[in-house]
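Worksheet: the structure to be examined is printed underneath.
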Amino acid sequence: MNTITLARTEQFGEVTIPLPSSKSESNRVLIIDALTEGKNTIDNLAEARDTQTMIRLLSQDPETLDVLDAGTTMRFLTAYSALTGVKKTLTGTPRMCERPIGILVDALRSIGAEIDYLDKEGFPPMQTKGFGKQLNNHITIRGDVSSQYISALLMNAPLLPEGLTLELTGKIGSRTYIEMTLELMRQFGVTYSFEENLIKVKPQTYKPTSFSVESDWSGASYWFSLLACAKGGQFFLNGLKENSLQGDSKIVEIMDHLGIESQFQDGGILLTKKPVTGLEGFDFTHCPDLAQTVAVTCALLGQTSKFTGLESLRIKETDRIYALQQELAKFNAQLVEGENEVFTLIPSSSIPEKVSIATYDDHRMAMAFMPLATQTEVSFDDAEVVNKSYPSFWKHCLLAGIE
């Protein structure tokens with residue numbers, strides 16, 4: 001692994017960041033495109049490794065689908081392969097094979113797909129072996145584990161002989177990602193209903209269309225954080241829409257409390273600094289990928305805050321709660337778990353002259369801790385980890401003025 005070190009940089013000028021495209025939108029659109037036999041015109045697909053892996057596997061159509069470390073790609077291709085009846089082996093990195101997929105597989109089996117585990121029950125690798133007739137058109141699935149399971153089922157639902165009704169049980173997490181999936185399906189001609197905890201999709205066909213992927217709000221969040229932690233500067237982030245399908249656009253609301261004024265303009269959003277009013281707490285249930293970014297921001301701004309909705313962080317690329325706790329401690333901040341899964345972010349009491357951050361094979365650990373460079377010299381143990389979602393991230397740091 002190649003390490004990378006960022007010099008302390010407190011002040012920024014007027015900087016334009018050419019954000020990457022949304023990985024979340026790209027991977028959904030690629031599955032929908034495959035289900036319409038590639039008859040669409042799709043622009044601005046993400047450069048992220050996860051998306052490039054999806055493109056490669058769909059175009060080359062190998063017998064074994066090795067998704068590497070791409071969780072979205074694993075879940076979406078599992079449902080796509082199972083419900084289109086193709087025989088595929090699905091596998092990935094050792095960490096990917098530790099990430100549970102049993103809830104999705106159980107749902108696919110109940111619909112009528114044949115799937116075998118090749119090693120440990122409930123985890124990759126596995127093999128899809130065909131799809132005979134549809135056994136059920138109404139299934140229940142937990143809403144609090146991974147919205148990607150639900151999205152994977154929904155995208156294939158229109159092509160099922162009887163369509164599909166999903167009944168979501170318990171707390172619904174990452175609801176905005178489910179809504180993103182449904183809205184993308186609608187833009188490709190599919191109708192649906194989503195009332196309370198029931199999603200109904202009748203049998204129908206996707207209609208070929210043209211679609212351009214929006215810039216990535218998850219990637220944008222790191223620049224909000226950097227400016228919030230800096231002494232001065234102004235950032236323009238290209239390609240973001242005010243009425244976005246992406247749940248991580250919530251970063252505008254969050255950072256409004258942490259000293260960032262956001263103004264939508266033609267072609268993107270302008271970020272300027274304003275006084276910090278304080279973030280007493282936030283529920284990350286529907287935007288869990290922002291939790292690391294906001295934790296680091298609060299730690300550096302001296303903001304004590306209560307975080308909820310972090311349950312899904314334990315089954316991401318790493319156990320993100322553990323990783324956050326370990327790395328925040330390196331500059332004397334804490335994330336303390338209390339009762340009922342309420343976490344308290346205790347800000348930094350003092351920051352060392354140099355800090356070395358471990359990334360845990362998790363792209364978001366590197367990017368979320370980047371704003372430490374406003375306070376001290378910071379190094380990361382794996383520069384390439386950002387390639388999963390934002391390959392040009394370090395180049396954009398240089399563009400912003402960080403050496």
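By order of appearance in the structure tokens: chains A, B, ..., then residues from 1 within every chain, and ligands from 1 in the order shown.
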Near segment 355-362 of chain A, within 6 Å and counting only C-alpha atoms, which residues show up once chain neighbours fewer than 3 positions away are dropped, as an NGL selection string? :A and (317 or 365-366 or 378-381)
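Residues of segment 6-73 of chain A carrying a DSSP assignment of alpha helix (DSSP H), computed from the backbone, are Lys23, Ser24, Glu25, Ser26, Asn27, Arg28, Val29, Leu30, Ile31, Ile32, Asp33, Ala34, Leu35, Arg49, Asp50, Thr51, Gln52, Thr53, Met54, Ile55, Arg56, Leu57, Leu58, Ser59, Gln60, Gly71, Thr72 and Thr73 of chain A.
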Can you write just those residues out, N, CA and C atoms, as an mmCIF file, in the first residue's frame?
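Output contents, as saved in again_11.cif:
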data_model
loop_
_atom_site.group_PDB
_atom_site.id
_atom_site.type_symbol
_atom_site.label_atom_id
_atom_site.label_comp_id
_atom_site.auth_asym_id
_atom_site.auth_seq_id
_atom_site.Cartn_x
_atom_site.Cartn_y
_atom_site.Cartn_z
ATOM 1 N N LYS A 23 -21.924 7.225 -7.822
ATOM 2 C CA LYS A 23 -21.814 5.765 -7.903
ATOM 3 C C LYS A 23 -23.183 5.117 -7.687
ATOM 4 N N SER A 24 -23.960 5.662 -6.768
ATOM 5 C CA SER A 24 -25.267 5.083 -6.452
ATOM 6 C C SER A 24 -26.207 5.130 -7.657
ATOM 7 N N GLU A 25 -26.266 6.290 -8.305
ATOM 8 C CA GLU A 25 -27.105 6.399 -9.502
ATOM 9 C C GLU A 25 -26.563 5.523 -10.627
ATOM 10 N N SER A 26 -25.263 5.559 -10.820
ATOM 11 C CA SER A 26 -24.650 4.825 -11.934
ATOM 12 C C SER A 26 -24.950 3.327 -11.851
ATOM 13 N N ASN A 27 -24.756 2.745 -10.673
ATOM 14 C CA ASN A 27 -24.926 1.294 -10.554
ATOM 15 C C ASN A 27 -26.377 0.869 -10.730
ATOM 16 N N ARG A 28 -27.308 1.701 -10.298
ATOM 17 C CA ARG A 28 -28.723 1.393 -10.519
ATOM 18 C C ARG A 28 -29.080 1.483 -11.993
ATOM 19 N N VAL A 29 -28.608 2.557 -12.640
ATOM 20 C CA VAL A 29 -28.924 2.757 -14.054
ATOM 21 C C VAL A 29 -28.326 1.641 -14.908
ATOM 22 N N LEU A 30 -27.158 1.128 -14.524
ATOM 23 C CA LEU A 30 -26.539 0.047 -15.287
ATOM 24 C C LEU A 30 -27.376 -1.239 -15.232
ATOM 25 N N ILE A 31 -27.964 -1.545 -14.066
ATOM 26 C CA ILE A 31 -28.838 -2.716 -13.970
ATOM 27 C C ILE A 31 -30.099 -2.503 -14.803
ATOM 28 N N ILE A 32 -30.699 -1.325 -14.695
ATOM 29 C CA ILE A 32 -31.897 -1.028 -15.490
ATOM 30 C C ILE A 32 -31.573 -1.108 -16.979
ATOM 31 N N ASP A 33 -30.396 -0.598 -17.357
ATOM 32 C CA ASP A 33 -29.980 -0.663 -18.761
ATOM 33 C C ASP A 33 -29.837 -2.113 -19.219
ATOM 34 N N ALA A 34 -29.267 -2.966 -18.355
ATOM 35 C CA ALA A 34 -29.133 -4.388 -18.700
ATOM 36 C C ALA A 34 -30.508 -5.041 -18.879
ATOM 37 N N LEU A 35 -31.463 -4.617 -18.061
ATOM 38 C CA LEU A 35 -32.816 -5.176 -18.157
ATOM 39 C C LEU A 35 -33.579 -4.654 -19.370
ATOM 40 N N ARG A 49 -14.383 2.682 -8.911
ATOM 41 C CA ARG A 49 -14.047 1.284 -9.205
ATOM 42 C C ARG A 49 -15.280 0.386 -9.134
ATOM 43 N N ASP A 50 -16.178 0.657 -8.171
ATOM 44 C CA ASP A 50 -17.398 -0.144 -8.066
ATOM 45 C C ASP A 50 -18.197 -0.113 -9.365
ATOM 46 N N THR A 51 -18.347 1.079 -9.938
ATOM 47 C CA THR A 51 -19.111 1.224 -11.176
ATOM 48 C C THR A 51 -18.366 0.618 -12.354
ATOM 49 N N GLN A 52 -17.063 0.843 -12.429
ATOM 50 C CA GLN A 52 -16.284 0.261 -13.526
ATOM 51 C C GLN A 52 -16.300 -1.268 -13.458
ATOM 52 N N THR A 53 -16.340 -1.814 -12.239
ATOM 53 C CA THR A 53 -16.473 -3.266 -12.079
ATOM 54 C C THR A 53 -17.819 -3.743 -12.599
ATOM 55 N N MET A 54 -18.877 -2.996 -12.283
ATOM 56 C CA MET A 54 -20.211 -3.347 -12.778
ATOM 57 C C MET A 54 -20.249 -3.317 -14.307
ATOM 58 N N ILE A 55 -19.686 -2.271 -14.900
ATOM 59 C CA ILE A 55 -19.665 -2.159 -16.363
ATOM 60 C C ILE A 55 -18.934 -3.353 -16.979
ATOM 61 N N ARG A 56 -17.771 -3.679 -16.415
ATOM 62 C CA ARG A 56 -16.964 -4.782 -16.956
ATOM 63 C C ARG A 56 -17.701 -6.117 -16.863
ATOM 64 N N LEU A 57 -18.299 -6.390 -15.715
ATOM 65 C CA LEU A 57 -18.961 -7.684 -15.529
ATOM 66 C C LEU A 57 -20.210 -7.810 -16.395
ATOM 67 N N LEU A 58 -20.943 -6.726 -16.563
ATOM 68 C CA LEU A 58 -22.146 -6.784 -17.411
ATOM 69 C C LEU A 58 -21.771 -6.912 -18.891
ATOM 70 N N SER A 59 -20.686 -6.277 -19.300
ATOM 71 C CA SER A 59 -20.317 -6.309 -20.717
ATOM 72 C C SER A 59 -19.602 -7.605 -21.103
ATOM 73 N N GLN A 60 -18.739 -8.103 -20.194
ATOM 74 C CA GLN A 60 -17.982 -9.315 -20.507
ATOM 75 C C GLN A 60 -18.766 -10.591 -20.201
ATOM 76 N N GLY A 71 -19.859 -3.758 -2.609
ATOM 77 C CA GLY A 71 -21.072 -4.301 -2.003
ATOM 78 C C GLY A 71 -22.312 -4.085 -2.848
ATOM 79 N N THR A 72 -22.474 -2.876 -3.389
ATOM 80 C CA THR A 72 -23.631 -2.601 -4.239
ATOM 81 C C THR A 72 -23.628 -3.527 -5.451
ATOM 82 N N THR A 73 -22.472 -3.691 -6.059
ATOM 83 C CA THR A 73 -22.361 -4.532 -7.244
ATOM 84 C C THR A 73 -22.715 -5.981 -6.913
#
Contacts of Lys207 of chain A at 10 Å or less, counting only C-alpha atoms, minus same-chain residues fewer than 4 places along, as a PDB file with C-alpha atoms, in the first residue's frame?
ATOM      1  CA  ILE A  32     -31.897  -1.028 -15.490  1.00  0.00           C
ATOM      2  CA  ASP A  33     -29.980  -0.663 -18.761  1.00  0.00           C
ATOM      3  CA  THR A  36     -33.652  -3.112 -21.277  1.00  0.00           C
ATOM      4  CA  LYS A  39     -31.084   0.269 -25.542  1.00  0.00           C
ATOM      5  CA  ASN A  40     -30.599   3.455 -23.509  1.00  0.00           C
ATOM      6  CA  MET A 185     -37.239   3.172 -12.440  1.00  0.00           C
ATOM      7  CA  ARG A 186     -39.951   5.777 -13.090  1.00  0.00           C
ATOM      8  CA  GLN A 187     -37.618   7.744 -15.362  1.00  0.00           C
ATOM      9  CA  PHE A 188     -37.216   4.559 -17.405  1.00  0.00           C
ATOM     10  CA  GLY A 189     -40.989   4.166 -17.759  1.00  0.00           C
ATOM     11  CA  VAL A 190     -41.966   1.958 -14.781  1.00  0.00           C
TER      12      VAL A 190
END
Note to self: Could you go through segment 162-376 of chain A and tell me which residues DSSP, when run on the backbone, assigns to strand (DSSP E), listing them as an NGL selection string?
What the structure shows: :A and (164-169 or 193-195 or 198-201 or 210-212 or 232-238 or 260-265 or 268-273 or 281-283 or 305-308 or 334-337 or 343-346 or 354-357)
Kindly export the residues of the current selection with N, CA and C atoms, as a compact mmCIF listing (two decimals), in the first residue's frame.
# COMPACT_ATOMS: atom_id res chain seq x y z
N LEU A 164 -44.24 -7.64 -8.26
CA LEU A 164 -43.80 -7.91 -6.89
C LEU A 164 -44.32 -6.84 -5.94
N THR A 165 -44.80 -7.30 -4.78
CA THR A 165 -45.11 -6.41 -3.67
C THR A 165 -44.12 -6.71 -2.55
N LEU A 166 -43.42 -5.68 -2.11
CA LEU A 166 -42.49 -5.81 -1.00
C LEU A 166 -43.12 -5.20 0.24
N GLU A 167 -43.18 -5.99 1.31
CA GLU A 167 -43.66 -5.49 2.59
C GLU A 167 -42.45 -5.33 3.51
N LEU A 168 -42.13 -4.09 3.84
CA LEU A 168 -40.95 -3.80 4.64
C LEU A 168 -41.31 -3.85 6.12
N THR A 169 -40.58 -4.66 6.88
CA THR A 169 -40.88 -4.83 8.30
C THR A 169 -39.88 -4.05 9.14
N SER A 193 -46.19 1.96 -6.67
CA SER A 193 -46.78 2.67 -5.53
C SER A 193 -45.95 2.35 -4.29
N PHE A 194 -45.77 3.34 -3.43
CA PHE A 194 -45.03 3.19 -2.18
C PHE A 194 -45.84 3.89 -1.10
N GLU A 195 -46.61 3.12 -0.37
CA GLU A 195 -47.47 3.66 0.68
C GLU A 195 -47.17 2.95 2.00
N LEU A 198 -45.48 -0.62 2.20
CA LEU A 198 -45.74 -1.50 1.04
C LEU A 198 -45.28 -0.83 -0.25
N ILE A 199 -44.46 -1.56 -1.02
CA ILE A 199 -44.06 -1.11 -2.36
C ILE A 199 -44.62 -2.11 -3.37
N LYS A 200 -45.40 -1.62 -4.32
CA LYS A 200 -46.02 -2.49 -5.32
C LYS A 200 -45.52 -2.12 -6.72
N VAL A 201 -45.04 -3.13 -7.43
CA VAL A 201 -44.59 -2.95 -8.81
C VAL A 201 -45.29 -4.01 -9.66
N SER A 210 -32.92 8.41 -22.51
CA SER A 210 -31.59 9.01 -22.31
C SER A 210 -31.50 9.48 -20.87
N PHE A 211 -30.34 9.28 -20.26
CA PHE A 211 -30.18 9.65 -18.85
C PHE A 211 -28.75 10.10 -18.60
N SER A 212 -28.62 11.20 -17.84
CA SER A 212 -27.30 11.69 -17.45
C SER A 212 -27.18 11.62 -15.93
N GLY A 232 -10.75 29.93 6.11
CA GLY A 232 -11.37 30.73 5.07
C GLY A 232 -11.32 30.03 3.74
N GLY A 233 -12.11 30.53 2.78
CA GLY A 233 -12.13 29.97 1.44
C GLY A 233 -13.53 29.99 0.85
N GLN A 234 -13.61 29.54 -0.39
CA GLN A 234 -14.88 29.46 -1.11
C GLN A 234 -14.79 28.34 -2.13
N PHE A 235 -15.72 27.40 -2.09
CA PHE A 235 -15.69 26.26 -3.00
C PHE A 235 -16.93 26.28 -3.90
N PHE A 236 -16.72 25.98 -5.17
CA PHE A 236 -17.84 25.73 -6.08
C PHE A 236 -17.77 24.26 -6.49
N LEU A 237 -18.84 23.52 -6.24
CA LEU A 237 -18.88 22.09 -6.53
C LEU A 237 -19.74 21.86 -7.78
N ASN A 238 -19.11 21.31 -8.81
CA ASN A 238 -19.78 21.15 -10.10
C ASN A 238 -20.80 20.01 -10.11
N ILE A 260 -21.45 26.41 7.07
CA ILE A 260 -21.37 26.46 5.61
C ILE A 260 -22.68 26.99 5.03
N GLU A 261 -22.57 28.07 4.26
CA GLU A 261 -23.69 28.62 3.51
C GLU A 261 -23.67 27.99 2.12
N SER A 262 -24.81 27.42 1.69
CA SER A 262 -24.89 26.74 0.39
C SER A 262 -25.81 27.53 -0.54
N GLN A 263 -25.34 27.80 -1.75
CA GLN A 263 -26.16 28.53 -2.72
C GLN A 263 -26.11 27.81 -4.06
N PHE A 264 -27.27 27.29 -4.49
CA PHE A 264 -27.33 26.62 -5.78
C PHE A 264 -27.27 27.65 -6.90
N GLN A 265 -26.44 27.36 -7.89
CA GLN A 265 -26.29 28.21 -9.07
C GLN A 265 -26.31 27.32 -10.31
N GLY A 268 -24.07 23.93 -10.45
CA GLY A 268 -23.55 23.38 -9.21
C GLY A 268 -23.97 24.17 -7.99
N ILE A 269 -23.12 24.14 -6.96
CA ILE A 269 -23.44 24.77 -5.68
C ILE A 269 -22.22 25.51 -5.16
N LEU A 270 -22.43 26.73 -4.66
CA LEU A 270 -21.37 27.57 -4.12
C LEU A 270 -21.37 27.46 -2.60
N LEU A 271 -20.22 27.16 -2.02
CA LEU A 271 -20.07 27.04 -0.58
C LEU A 271 -19.24 28.19 -0.04
N THR A 272 -19.79 28.89 0.96
CA THR A 272 -19.06 29.95 1.63
C THR A 272 -19.18 29.74 3.14
N LYS A 273 -18.30 30.38 3.89
CA LYS A 273 -18.30 30.19 5.33
C LYS A 273 -19.24 31.18 6.03
N GLY A 281 -27.54 17.26 17.40
CA GLY A 281 -27.63 15.84 17.09
C GLY A 281 -28.15 15.63 15.70
N PHE A 282 -28.03 14.39 15.21
CA PHE A 282 -28.55 14.08 13.88
C PHE A 282 -28.81 12.58 13.78
N ASP A 283 -29.88 12.23 13.07
CA ASP A 283 -30.25 10.84 12.81
C ASP A 283 -29.78 10.48 11.40
N SER A 305 -22.02 16.34 19.96
CA SER A 305 -23.25 16.05 19.22
C SER A 305 -23.70 14.63 19.47
N LYS A 306 -25.01 14.40 19.40
CA LYS A 306 -25.59 13.07 19.56
C LYS A 306 -25.92 12.50 18.18
N PHE A 307 -25.42 11.29 17.90
CA PHE A 307 -25.66 10.63 16.62
C PHE A 307 -26.52 9.39 16.82
N THR A 308 -27.53 9.23 16.00
CA THR A 308 -28.33 8.01 15.97
C THR A 308 -28.40 7.50 14.53
N GLN A 334 -13.65 11.53 20.72
CA GLN A 334 -14.27 10.25 21.05
C GLN A 334 -15.65 10.11 20.42
N LEU A 335 -16.01 8.86 20.12
CA LEU A 335 -17.39 8.52 19.74
C LEU A 335 -17.83 7.47 20.76
N VAL A 336 -18.66 7.88 21.70
CA VAL A 336 -19.02 7.05 22.84
C VAL A 336 -20.41 6.47 22.66
N GLU A 337 -20.51 5.15 22.75
CA GLU A 337 -21.80 4.49 22.59
C GLU A 337 -22.56 4.50 23.91
N PHE A 343 -25.05 7.58 20.11
CA PHE A 343 -23.61 7.82 20.22
C PHE A 343 -23.37 9.30 20.48
N THR A 344 -22.41 9.58 21.35
CA THR A 344 -22.04 10.97 21.63
C THR A 344 -20.66 11.25 21.04
N LEU A 345 -20.62 12.27 20.18
CA LEU A 345 -19.34 12.71 19.62
C LEU A 345 -18.75 13.76 20.57
N ILE A 346 -17.62 13.43 21.16
CA ILE A 346 -16.91 14.36 22.04
C ILE A 346 -15.74 14.93 21.26
N LYS A 354 1.43 15.79 14.26
CA LYS A 354 1.24 14.90 13.12
C LYS A 354 0.27 13.80 13.52
N VAL A 355 -0.57 13.39 12.58
CA VAL A 355 -1.51 12.29 12.84
C VAL A 355 -1.45 11.32 11.67
N SER A 356 -1.42 10.03 11.98
CA SER A 356 -1.42 8.99 10.95
C SER A 356 -2.73 8.21 11.05
N ILE A 357 -3.51 8.22 9.97
CA ILE A 357 -4.84 7.60 9.96
C ILE A 357 -4.79 6.25 9.24
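Close contacts of Glu253 of chain A, defined as residues with an atom at most 12 Å away when counting only C-alpha atoms, with chain neighbours fewer than 2 positions off set aside, comprise Ser221, Phe224, Glu242, Gly247, Asp248, Ser249, Lys250, Ile251, Met255, Asp256, His257, Leu258, Gly259, Ile260, Glu261, Ser262, Gln263, Gly278, Leu279, Phe282, Leu290 and Val294 of chain A.
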Filtering to N, CA and C atoms, could you give me those residues as a compact mmCIF listing (two decimals), in the first residue's frame?
# COMPACT_ATOMS: atom_id res chain seq x y z
N SER A 221 -19.59 15.81 0.14
CA SER A 221 -19.61 16.04 1.59
C SER A 221 -18.23 16.36 2.15
N PHE A 224 -17.54 20.09 1.76
CA PHE A 224 -18.28 20.83 2.78
C PHE A 224 -17.48 20.81 4.09
N GLU A 242 -30.32 20.84 -6.99
CA GLU A 242 -31.04 21.17 -5.75
C GLU A 242 -32.06 20.11 -5.41
N GLY A 247 -29.81 10.77 -1.22
CA GLY A 247 -30.06 11.08 0.18
C GLY A 247 -28.95 11.88 0.83
N ASP A 248 -27.72 11.73 0.32
CA ASP A 248 -26.60 12.43 0.94
C ASP A 248 -26.61 13.93 0.66
N SER A 249 -27.59 14.41 -0.12
CA SER A 249 -27.78 15.86 -0.27
C SER A 249 -28.19 16.49 1.06
N LYS A 250 -28.50 15.65 2.06
CA LYS A 250 -28.77 16.13 3.43
C LYS A 250 -27.57 16.88 4.01
N ILE A 251 -26.41 16.72 3.38
CA ILE A 251 -25.22 17.40 3.89
C ILE A 251 -25.41 18.91 3.90
N MET A 255 -24.56 20.84 7.31
CA MET A 255 -23.47 21.80 7.33
C MET A 255 -23.94 23.24 7.52
N ASP A 256 -25.24 23.47 7.33
CA ASP A 256 -25.80 24.78 7.64
C ASP A 256 -25.61 25.10 9.12
N HIS A 257 -25.59 24.04 9.96
CA HIS A 257 -25.35 24.21 11.40
C HIS A 257 -23.87 24.29 11.74
N LEU A 258 -23.03 23.87 10.80
CA LEU A 258 -21.60 23.77 11.08
C LEU A 258 -20.77 24.79 10.30
N GLY A 259 -21.44 25.86 9.86
CA GLY A 259 -20.69 26.99 9.33
C GLY A 259 -20.57 27.08 7.83
N ILE A 260 -21.45 26.41 7.07
CA ILE A 260 -21.37 26.46 5.61
C ILE A 260 -22.68 26.99 5.03
N GLU A 261 -22.57 28.07 4.26
CA GLU A 261 -23.69 28.62 3.51
C GLU A 261 -23.67 27.99 2.12
N SER A 262 -24.81 27.42 1.69
CA SER A 262 -24.89 26.74 0.39
C SER A 262 -25.81 27.53 -0.54
N GLN A 263 -25.34 27.80 -1.75
CA GLN A 263 -26.16 28.53 -2.72
C GLN A 263 -26.11 27.81 -4.06
N GLY A 278 -24.02 25.26 15.60
CA GLY A 278 -23.97 24.04 16.43
C GLY A 278 -24.95 22.98 15.97
N LEU A 279 -24.51 21.72 16.04
CA LEU A 279 -25.33 20.57 15.66
C LEU A 279 -25.55 19.73 16.92
N PHE A 282 -28.03 14.39 15.21
CA PHE A 282 -28.55 14.08 13.88
C PHE A 282 -28.81 12.58 13.78
N LEU A 290 -22.81 9.62 5.47
CA LEU A 290 -22.36 10.94 5.92
C LEU A 290 -21.81 10.93 7.34
N VAL A 294 -19.35 13.82 9.16
CA VAL A 294 -19.88 14.74 10.17
C VAL A 294 -19.18 14.53 11.51
